[in-house]
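Shown below: input-v5.csv, with CSV, C-alpha atoms.
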chain,number,residue,atom,x,y,z
A,19,MET,CA,22.5,48.0,3.3
A,20,VAL,CA,20.9,45.7,5.9
A,21,ALA,CA,17.2,45.5,5.8
A,22,SER,CA,15.0,44.2,8.6
A,23,ALA,CA,11.4,43.0,7.9
A,24,ARG,CA,9.1,43.5,10.8
A,25,THR,CA,7.0,40.5,10.3
A,26,GLU,CA,4.5,40.8,13.1
A,27,PRO,CA,1.5,43.1,13.1
A,28,ARG,CA,1.2,46.1,15.3
A,29,GLY,CA,1.3,45.5,19.0
A,30,SER,CA,2.9,42.1,18.9
A,31,MET,CA,6.3,40.9,20.0
A,32,ALA,CA,8.7,42.2,17.3
A,33,MET,CA,10.4,39.7,15.1
A,34,GLU,CA,12.9,41.1,12.6
A,35,LEU,CA,14.7,39.3,9.8
A,36,THR,CA,18.0,40.7,8.6
A,37,ILE,CA,18.0,39.7,4.9
A,38,GLY,CA,19.9,42.5,3.3
A,39,ASP,CA,17.3,43.3,0.6
A,40,PRO,CA,15.1,46.3,0.9
A,41,ALA,CA,12.7,45.2,-1.9
A,42,LEU,CA,12.0,41.9,-0.3
A,43,THR,CA,11.7,43.6,3.1
A,44,ALA,CA,9.0,45.9,1.7
A,45,ARG,CA,7.1,43.0,0.0
A,46,LEU,CA,7.1,41.0,3.2
A,47,GLU,CA,5.9,43.9,5.3
A,48,ARG,CA,3.1,44.7,2.9
A,49,GLY,CA,2.3,41.0,2.5
A,50,MET,CA,1.8,40.6,6.2
A,51,ASP,CA,-0.5,43.6,6.4
A,52,ALA,CA,-2.5,42.4,3.4
A,53,SER,CA,-2.9,38.9,4.9
A,54,GLU,CA,-4.2,40.4,8.1
A,55,GLU,CA,-6.8,42.3,6.2
A,56,ARG,CA,-7.7,39.1,4.2
A,57,LEU,CA,-8.1,37.1,7.5
A,58,ARG,CA,-10.4,39.8,9.0
A,59,ALA,CA,-12.5,39.7,5.8
A,60,LEU,CA,-12.8,35.9,5.9
A,61,ALA,CA,-13.9,36.0,9.5
A,62,ALA,CA,-16.5,38.7,8.7
A,63,GLU,CA,-18.0,36.3,6.1
A,64,ALA,CA,-19.8,34.4,8.9
A,65,GLN,CA,-23.5,35.1,8.6
A,66,ASP,CA,-23.9,35.3,12.4
A,67,PRO,CA,-21.9,38.3,14.0
A,68,ARG,CA,-21.3,36.2,17.1
A,69,VAL,CA,-19.5,33.5,15.0
A,70,ALA,CA,-17.5,36.2,13.3
A,71,GLU,CA,-16.5,37.6,16.7
A,72,VAL,CA,-15.3,34.3,18.1
A,73,ALA,CA,-13.7,33.1,14.8
A,74,GLY,CA,-11.7,36.4,14.5
A,75,HIS,CA,-10.8,36.5,18.2
A,76,LEU,CA,-7.1,36.0,17.7
A,77,PHE,CA,-6.8,37.9,14.4
A,78,GLY,CA,-4.9,41.1,15.0
A,79,ARG,CA,-4.1,40.0,18.6
A,80,GLY,CA,-0.3,39.8,18.0
A,81,GLY,CA,1.4,36.5,17.7
A,82,LYS,CA,4.4,35.8,15.5
A,83,ARG,CA,2.4,35.3,12.3
A,84,LEU,CA,5.1,33.0,11.3
A,85,ARG,CA,3.0,30.7,9.1
A,86,PRO,CA,1.8,33.6,6.9
A,87,LEU,CA,5.4,34.9,6.7
A,88,LEU,CA,6.6,31.4,5.6
A,89,ALA,CA,3.9,31.4,2.8
A,90,LEU,CA,5.1,34.8,1.6
A,91,VAL,CA,8.8,33.7,1.6
A,92,GLY,CA,7.8,30.5,-0.2
A,93,ALA,CA,6.1,32.6,-2.9
A,94,GLU,CA,9.4,34.3,-3.7
A,95,PHE,CA,10.6,31.0,-5.2
A,96,GLY,CA,8.0,30.9,-7.9
A,97,ARG,CA,8.2,31.8,-11.6
A,98,ARG,CA,5.4,34.3,-11.3
A,99,ALA,CA,5.6,37.5,-9.3
A,100,PRO,CA,4.0,36.9,-5.9
A,101,PHE,CA,2.1,40.2,-5.6
A,102,GLY,CA,1.7,41.7,-9.1
A,103,THR,CA,3.9,44.3,-10.7
A,104,ASP,CA,4.0,48.1,-10.2
A,105,PRO,CA,5.4,49.6,-13.4
A,106,SER,CA,6.8,52.6,-11.5
A,107,ALA,CA,8.9,50.3,-9.2
A,108,ALA,CA,11.8,48.1,-9.8
A,109,GLY,CA,10.7,44.5,-9.1
A,110,PRO,CA,7.4,43.1,-7.9
A,111,VAL,CA,5.5,44.7,-5.2
A,112,ILE,CA,2.1,44.2,-3.6
A,113,ALA,CA,-0.6,45.9,-5.6
A,114,ASP,CA,-4.0,46.7,-4.0
A,115,PRO,CA,-6.1,44.0,-5.5
A,116,PRO,CA,-9.9,43.9,-5.0
A,117,ALA,CA,-11.0,41.8,-2.1
A,118,ALA,CA,-12.4,39.2,-4.4
A,119,ASP,CA,-9.1,38.7,-6.1
A,120,PRO,CA,-6.2,38.9,-3.7
A,121,SER,CA,-2.7,38.1,-4.8
A,122,PRO,CA,-1.5,34.4,-4.8
A,123,ALA,CA,0.9,35.0,-2.0
A,124,VAL,CA,-1.6,36.7,0.3
A,125,GLU,CA,-4.2,33.9,-0.3
A,126,ALA,CA,-1.5,31.3,0.6
A,127,ALA,CA,-0.6,33.3,3.8
A,128,ALA,CA,-4.3,33.6,4.9
A,129,LEU,CA,-4.9,29.9,4.3
A,130,ALA,CA,-1.9,28.9,6.4
A,131,GLU,CA,-3.0,31.1,9.3
A,132,LEU,CA,-6.6,29.9,9.1
A,133,VAL,CA,-5.5,26.3,9.7
A,134,HIS,CA,-3.0,27.4,12.4
A,135,VAL,CA,-5.5,29.5,14.4
A,136,ALA,CA,-8.1,26.6,14.2
A,137,SER,CA,-5.4,24.3,15.7
A,138,LEU,CA,-4.8,26.8,18.5
A,139,TYR,CA,-8.5,26.9,19.4
A,140,HIS,CA,-8.5,23.1,19.6
A,141,ASP,CA,-5.2,22.9,21.5
A,142,ASP,CA,-6.4,25.4,24.1
A,143,VAL,CA,-9.4,23.2,24.8
A,144,MET,CA,-7.2,20.2,25.2
A,145,ASP,CA,-4.8,22.1,27.4
A,146,GLN,CA,-7.4,24.0,29.4
A,147,ALA,CA,-5.5,27.1,28.5
A,148,ARG,CA,-6.7,30.4,30.0
A,149,THR,CA,-4.7,32.8,27.8
A,150,ARG,CA,-3.5,33.0,24.3
A,151,ARG,CA,-1.5,35.8,22.7
A,152,GLY,CA,-1.9,37.8,25.9
A,153,VAL,CA,-5.7,37.7,25.9
A,154,PRO,CA,-8.3,35.3,27.3
A,155,SER,CA,-8.4,32.1,25.1
A,156,VAL,CA,-11.6,31.4,23.3
A,157,ASN,CA,-12.4,28.5,25.6
A,158,ALA,CA,-11.9,30.6,28.7
A,159,ARG,CA,-14.1,33.4,27.3
A,160,TRP,CA,-16.9,31.4,25.6
A,161,GLY,CA,-16.5,27.8,26.7
A,162,ASN,CA,-15.0,24.6,25.3
A,163,THR,CA,-17.9,23.8,23.0
A,164,THR,CA,-17.8,27.2,21.3
A,165,ALA,CA,-14.0,27.0,21.0
A,166,VAL,CA,-14.2,23.6,19.3
A,167,LEU,CA,-17.0,24.7,16.9
A,168,ALA,CA,-15.1,28.0,16.1
A,169,GLY,CA,-12.0,26.0,15.3
A,170,ASN,CA,-14.1,23.7,13.0
A,171,TRP,CA,-15.6,26.8,11.3
A,172,LEU,CA,-12.1,28.1,10.6
A,173,LEU,CA,-11.1,24.8,9.1
A,174,SER,CA,-14.2,24.8,6.9
A,175,LYS,CA,-13.2,28.3,5.7
A,176,ALA,CA,-9.7,27.0,5.0
A,177,ALA,CA,-11.2,24.1,3.0
A,178,GLN,CA,-13.4,26.5,1.1
A,179,LEU,CA,-10.5,28.8,0.3
A,180,ALA,CA,-8.4,25.9,-0.8
A,181,ALA,CA,-11.1,24.7,-3.1
A,182,GLU,CA,-11.2,28.1,-4.8
A,183,LEU,CA,-7.4,28.0,-5.3
A,184,GLY,CA,-7.3,24.7,-7.1
A,185,PRO,CA,-6.5,21.0,-6.8
A,186,GLU,CA,-2.9,21.2,-5.6
A,187,THR,CA,-3.9,23.6,-2.9
A,188,ILE,CA,-6.7,21.3,-1.8
A,189,ARG,CA,-4.2,18.4,-1.7
A,190,LEU,CA,-1.8,20.3,0.5
A,191,GLN,CA,-4.5,21.7,2.8
A,192,SER,CA,-6.2,18.3,3.3
A,193,LYS,CA,-2.9,16.5,3.9
A,194,VAL,CA,-1.7,18.9,6.5
A,195,THR,CA,-5.1,18.9,8.3
A,196,ASN,CA,-4.8,15.1,8.5
A,197,ARG,CA,-1.3,15.3,9.9
A,198,LEU,CA,-2.4,18.0,12.4
A,199,VAL,CA,-5.3,16.0,13.7
A,200,MET,CA,-3.3,12.8,14.0
A,201,GLY,CA,-0.6,14.8,15.9
A,202,GLN,CA,-3.2,16.1,18.3
A,203,ILE,CA,-4.6,12.6,18.8
A,204,ARG,CA,-1.2,11.0,19.4
A,205,GLU,CA,-0.4,13.7,22.0
A,206,LEU,CA,-3.7,13.2,23.7
A,207,VAL,CA,-3.4,9.4,23.8
A,208,GLY,CA,0.3,9.4,24.7
A,209,PRO,CA,2.9,6.7,23.8
A,210,SER,CA,2.1,3.0,24.2
A,211,ASP,CA,4.1,0.8,26.5
A,212,ASP,CA,6.2,-0.3,23.5
A,213,ASP,CA,6.8,3.2,22.2
A,214,ASP,CA,10.0,5.1,22.9
A,215,PRO,CA,8.9,8.4,24.5
A,216,LEU,CA,11.3,10.5,22.5
A,217,SER,CA,10.3,8.9,19.2
A,218,HIS,CA,6.6,9.5,20.1
A,219,TYR,CA,7.4,13.2,20.9
A,220,PHE,CA,9.0,13.8,17.5
A,221,THR,CA,6.1,12.1,15.8
A,222,VAL,CA,3.6,14.4,17.6
A,223,VAL,CA,5.7,17.5,16.8
A,224,ALA,CA,6.0,16.5,13.2
A,225,GLY,CA,2.2,16.5,12.9
A,226,LYS,CA,1.2,19.3,15.2
A,227,THR,CA,3.8,21.9,14.3
A,228,ALA,CA,6.2,21.0,11.5
A,229,ALA,CA,3.4,20.1,9.1
A,230,LEU,CA,2.0,23.6,9.2
A,231,PHE,CA,5.4,25.1,8.6
A,232,ALA,CA,6.0,22.9,5.6
A,233,MET,CA,2.5,23.6,4.2
A,234,ALA,CA,2.8,27.3,4.4
A,235,LEU,CA,6.1,27.3,2.4
A,236,GLN,CA,4.6,24.9,-0.1
A,237,LEU,CA,1.4,26.9,-0.5
A,238,GLY,CA,3.3,30.1,-1.3
A,239,ALA,CA,5.6,28.3,-3.7
A,240,VAL,CA,2.9,26.4,-5.5
A,241,ARG,CA,0.7,29.5,-5.9
A,242,THR,CA,3.5,31.3,-7.8
A,243,GLY,CA,4.5,28.3,-10.0
A,244,ALA,CA,7.7,27.2,-8.3
A,245,PRO,CA,9.4,24.0,-9.7
A,246,GLU,CA,8.5,20.8,-7.9
A,247,HIS,CA,12.0,20.1,-6.6
A,248,VAL,CA,11.9,23.6,-5.0
A,249,VAL,CA,8.5,22.9,-3.4
A,250,GLN,CA,9.8,19.6,-1.9
A,251,THR,CA,13.0,21.2,-0.6
A,252,LEU,CA,11.0,24.0,1.0
A,253,ALA,CA,8.8,21.3,2.7
A,254,GLU,CA,11.9,19.6,4.0
A,255,TYR,CA,13.2,22.9,5.3
A,256,GLY,CA,9.8,23.6,6.9
A,257,ASP,CA,9.7,20.2,8.7
A,258,HIS,CA,13.1,20.8,10.4
A,259,LEU,CA,12.4,24.5,11.2
A,260,GLY,CA,9.0,23.5,12.7
A,261,ILE,CA,10.6,20.9,15.0
A,262,GLY,CA,13.2,23.4,16.0
A,263,PHE,CA,10.6,26.0,16.7
A,264,GLN,CA,8.5,23.6,18.9
A,265,ILE,CA,11.6,22.7,20.9
A,266,ALA,CA,12.2,26.4,21.5
A,267,ASP,CA,8.6,26.7,22.6
A,268,ASP,CA,9.0,23.8,25.0
A,269,ILE,CA,12.0,25.6,26.5
A,270,LEU,CA,10.1,28.8,26.8
A,271,ASP,CA,7.3,27.1,28.6
A,272,ILE,CA,9.8,26.6,31.4
A,273,THR,CA,12.0,29.6,31.2
A,274,SER,CA,9.7,32.5,30.0
A,275,THR,CA,7.2,34.6,32.0
A,276,SER,CA,3.6,34.8,30.8
A,277,GLU,CA,4.2,38.6,30.1
A,278,VAL,CA,6.8,37.6,27.5
A,279,SER,CA,5.3,34.5,25.9
A,280,GLY,CA,1.6,35.5,26.1
A,281,LYS,CA,0.9,32.1,27.7
A,282,GLU,CA,0.9,30.8,31.2
A,283,GLN,CA,4.4,29.8,32.4
A,284,GLY,CA,4.8,26.1,33.0
A,285,LYS,CA,1.4,25.3,31.5
A,286,ASP,CA,2.6,22.3,29.5
A,287,LEU,CA,4.4,21.0,32.6
A,288,ALA,CA,1.4,21.5,34.8
A,289,ILE,CA,-1.0,19.5,32.6
A,290,GLY,CA,1.5,16.7,32.0
A,291,VAL,CA,2.5,17.5,28.4
A,292,ALA,CA,5.7,15.5,27.8
A,293,SER,CA,7.8,18.3,26.3
A,294,LEU,CA,11.4,17.6,25.2
A,295,PRO,CA,13.1,19.1,28.3
A,296,VAL,CA,10.9,17.0,30.6
A,297,LEU,CA,11.5,13.8,28.6
A,298,LEU,CA,15.3,14.4,28.7
A,299,ALA,CA,15.2,15.2,32.4
A,300,LEU,CA,13.3,12.1,33.2
A,301,ALA,CA,15.8,10.0,31.4
A,302,ASP,CA,18.6,11.5,33.4
A,303,GLU,CA,20.4,9.5,36.2
A,304,ARG,CA,20.9,12.5,38.5
A,305,PRO,CA,19.0,12.8,41.8
A,306,GLU,CA,17.0,15.7,40.3
A,307,ALA,CA,15.4,13.3,37.9
A,308,GLY,CA,14.0,11.1,40.6
A,309,GLU,CA,12.5,14.1,42.5
A,310,LEU,CA,11.1,15.4,39.2
A,311,ARG,CA,9.4,12.1,38.5
A,312,THR,CA,7.8,12.1,41.9
A,313,LEU,CA,6.5,15.6,41.4
A,314,LEU,CA,5.1,15.0,38.0
A,315,THR,CA,3.2,12.0,39.2
A,316,ALA,CA,1.8,13.7,42.3
A,317,ALA,CA,-1.3,15.8,42.5
A,318,THR,CA,0.7,18.8,43.7
A,319,ALA,CA,2.3,19.1,40.2
A,320,GLY,CA,-1.1,20.4,38.9
A,321,PRO,CA,-1.8,23.9,37.7
A,322,GLU,CA,-2.6,25.1,41.3
A,323,GLY,CA,-0.2,22.8,43.1
A,324,ALA,CA,2.8,23.7,45.1
A,325,GLY,CA,4.9,21.2,43.1
A,326,LEU,CA,5.0,23.2,39.9
A,327,PRO,CA,7.5,25.8,41.0
A,328,ARG,CA,9.8,23.1,42.4
A,329,ALA,CA,9.5,21.1,39.1
A,330,VAL,CA,10.5,24.3,37.1
A,331,ALA,CA,13.4,24.8,39.5
A,332,LEU,CA,14.6,21.2,39.0
A,333,LEU,CA,14.5,21.5,35.2
A,334,HIS,CA,16.7,24.6,35.5
A,335,ARG,CA,19.2,22.8,37.7
A,336,CYS,CA,19.6,19.6,35.7
A,337,GLY,CA,21.1,19.5,32.2
A,338,ALA,CA,17.8,19.0,30.3
A,339,LEU,CA,17.4,22.5,29.1
A,340,ALA,CA,20.9,22.6,27.7
A,341,GLU,CA,20.4,19.2,26.0
A,342,ALA,CA,17.2,20.4,24.5
A,343,ARG,CA,18.9,23.4,23.1
A,344,THR,CA,21.5,21.1,21.5
A,345,VAL,CA,18.8,19.1,19.8
A,346,MET,CA,17.1,22.3,18.6
A,347,HIS,CA,20.3,23.6,17.0
A,348,ALA,CA,20.8,20.2,15.3
A,349,ARG,CA,17.4,20.5,13.7
A,350,LEU,CA,18.1,24.1,12.6
A,351,LEU,CA,21.4,22.9,11.0
A,352,ARG,CA,19.3,20.4,9.0
A,353,ALA,CA,16.9,23.2,8.0
A,354,ARG,CA,19.9,25.3,6.8
A,355,ALA,CA,21.3,22.4,4.8
A,356,ALA,CA,18.0,22.2,3.0
A,357,ALA,CA,17.9,25.9,2.4
A,358,ASN,CA,21.5,25.7,0.9
A,359,ARG,CA,20.1,23.5,-1.9
A,360,LEU,CA,17.8,26.3,-3.0
A,361,PRO,CA,18.8,29.1,-5.4
A,362,ASP,CA,20.9,31.7,-3.7
A,363,GLY,CA,19.2,35.0,-3.3
A,364,PRO,CA,17.2,37.2,-0.8
A,365,ALA,CA,14.5,34.6,-0.2
A,366,THR,CA,17.0,31.9,0.7
A,367,ARG,CA,18.7,34.4,3.0
A,368,ALA,CA,15.3,35.0,4.6
A,369,LEU,CA,15.1,31.2,5.3
A,370,HIS,CA,18.5,31.4,7.1
A,371,ALA,CA,17.3,34.5,9.0
A,372,LEU,CA,14.3,32.5,10.2
A,373,CYS,CA,16.6,29.9,11.6
A,374,ASP,CA,18.5,32.6,13.4
A,375,PHE,CA,15.2,33.8,14.9
A,376,VAL,CA,14.2,30.4,16.2
A,377,ALA,CA,17.7,30.0,17.7
A,378,ARG,CA,17.2,33.2,19.6
A,379,ARG,CA,13.6,32.4,20.8
A,380,ASP,CA,14.6,30.3,23.9
A,381,HIS,CA,16.4,33.1,25.6
Please go through the file and, once you have read it, give me the structure as structure tokens.
Amino acid sequence: MVASARTEPRGSMAMELTIGDPALTARLERGMDASEERLRALAAEAQDPRVAEVAGHLFGRGGKRLRPLLALVGAEFGRRAPFGTDPSAAGPVIADPPAADPSPAVEAAALAELVHVASLYHDDVMDQARTRRGVPSVNARWGNTTAVLAGNWLLSKAAQLAAELGPETIRLQSKVTNRLVMGQIRELVGPSDDDDPLSHYFTVVAGKTAALFAMALQLGAVRTGAPEHVVQTLAEYGDHLGIGFQIADDILDITSTSEVSGKEQGKDLAIGVASLPVLLALADERPEAGELRTLLTAATAGPEGAGLPRAVALLHRCGALAEARTVMHARLLRARAAANRLPDGPATRALHALCDFVARRDH
């Protein structure tokens, strides 16, 4: 029997993992629901209802919820049952714990998403984004200052939750926050004259995206007592999966409509973010690259400029998108190689299914 786990909450773009294990499918589905409830409860802890509204703006607004899912899958590799045990069922399932004592896996999932959503609030300010997950971004609705402060509040809640979960969780959360901020700073500053643009790109992505993937997997595994070598292998897998995911996101910025992605098409291109397809196109020797360079340095390539549609068309015509897909698949192969070093079973098959999902995202 092939089981598919619908890993996104109601109303969001469906993502299904074919993992062949109904029990794991049920745990993941219930874990996602429980982590959603936990996130809403954490946002509601704000003493000011206005802060609670802004902080919880993206909770329950769709999105892939991939970081919580990774935490739940990581928890499957631990020595302890991730959700407690129901004596009437075969295998561990999510119990209905009191709000003050959620399961280890759900706490890990909520912590991972808190850090991720905080980074989205800050990213949207930097990118001047108007939409996120199909709704107005926090900065578009309440202003940049409020968005930054709300992101900071979410990071403070993540730190508070990590402190309640123990020293190892604090270490992981603080380390990834440092990598995340450094990635954002490097992206904002850009490469120096001596930096290779592609190397700079991968350094930024490793901090901004891959670090969160690795942290989520590690949090789940640590919270359920996984062996250290398993935790480290999951981190390696998460780094490669996260880079592959970001490359797929770069491609979608050019190829996908806002109705599908929930973000503005060509937004990264318009604001001058050096995504992988753009970097590969600019390094090309074909005539399209020269015209693209001219467009990207001209004022008309801005968000309202006539140059943006032409730049998108040029990226479709040259070989940059195909080359970016090749790089993405190479990263996913490295993620699969790391997964193959883990114990065989449904959780490892879920990791391979996540690679399949990322490989399908750019279409």
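You will find CA of Gly208 in chain A at 19.2 Å from CA of Ala229 in chain A.
The shortest atom-to-atom distance to Phe220 in chain A, with only C-alpha atoms taken into account, belongs to A:Ala292 out of A:Leu57, A:Ala292, A:Cys336, A:Ala371.
Here the question is which of A:Ala329, A:Leu88, A:Leu294, A:Ala61 gets nearest to Gly49 in chain A using all atoms listed in the file, and that residue is A:Leu88.
Here CA of Ser217 in chain A and CA of Ala130 in chain A stand 26.7 Å from one another.
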Next on the checklist: When you count all atoms listed in the file, which of these residues is closest to Leu351 in chain A: A:Val166, A:Leu138, A:Val376, A:Val91?
Outcome noted: A:Val376
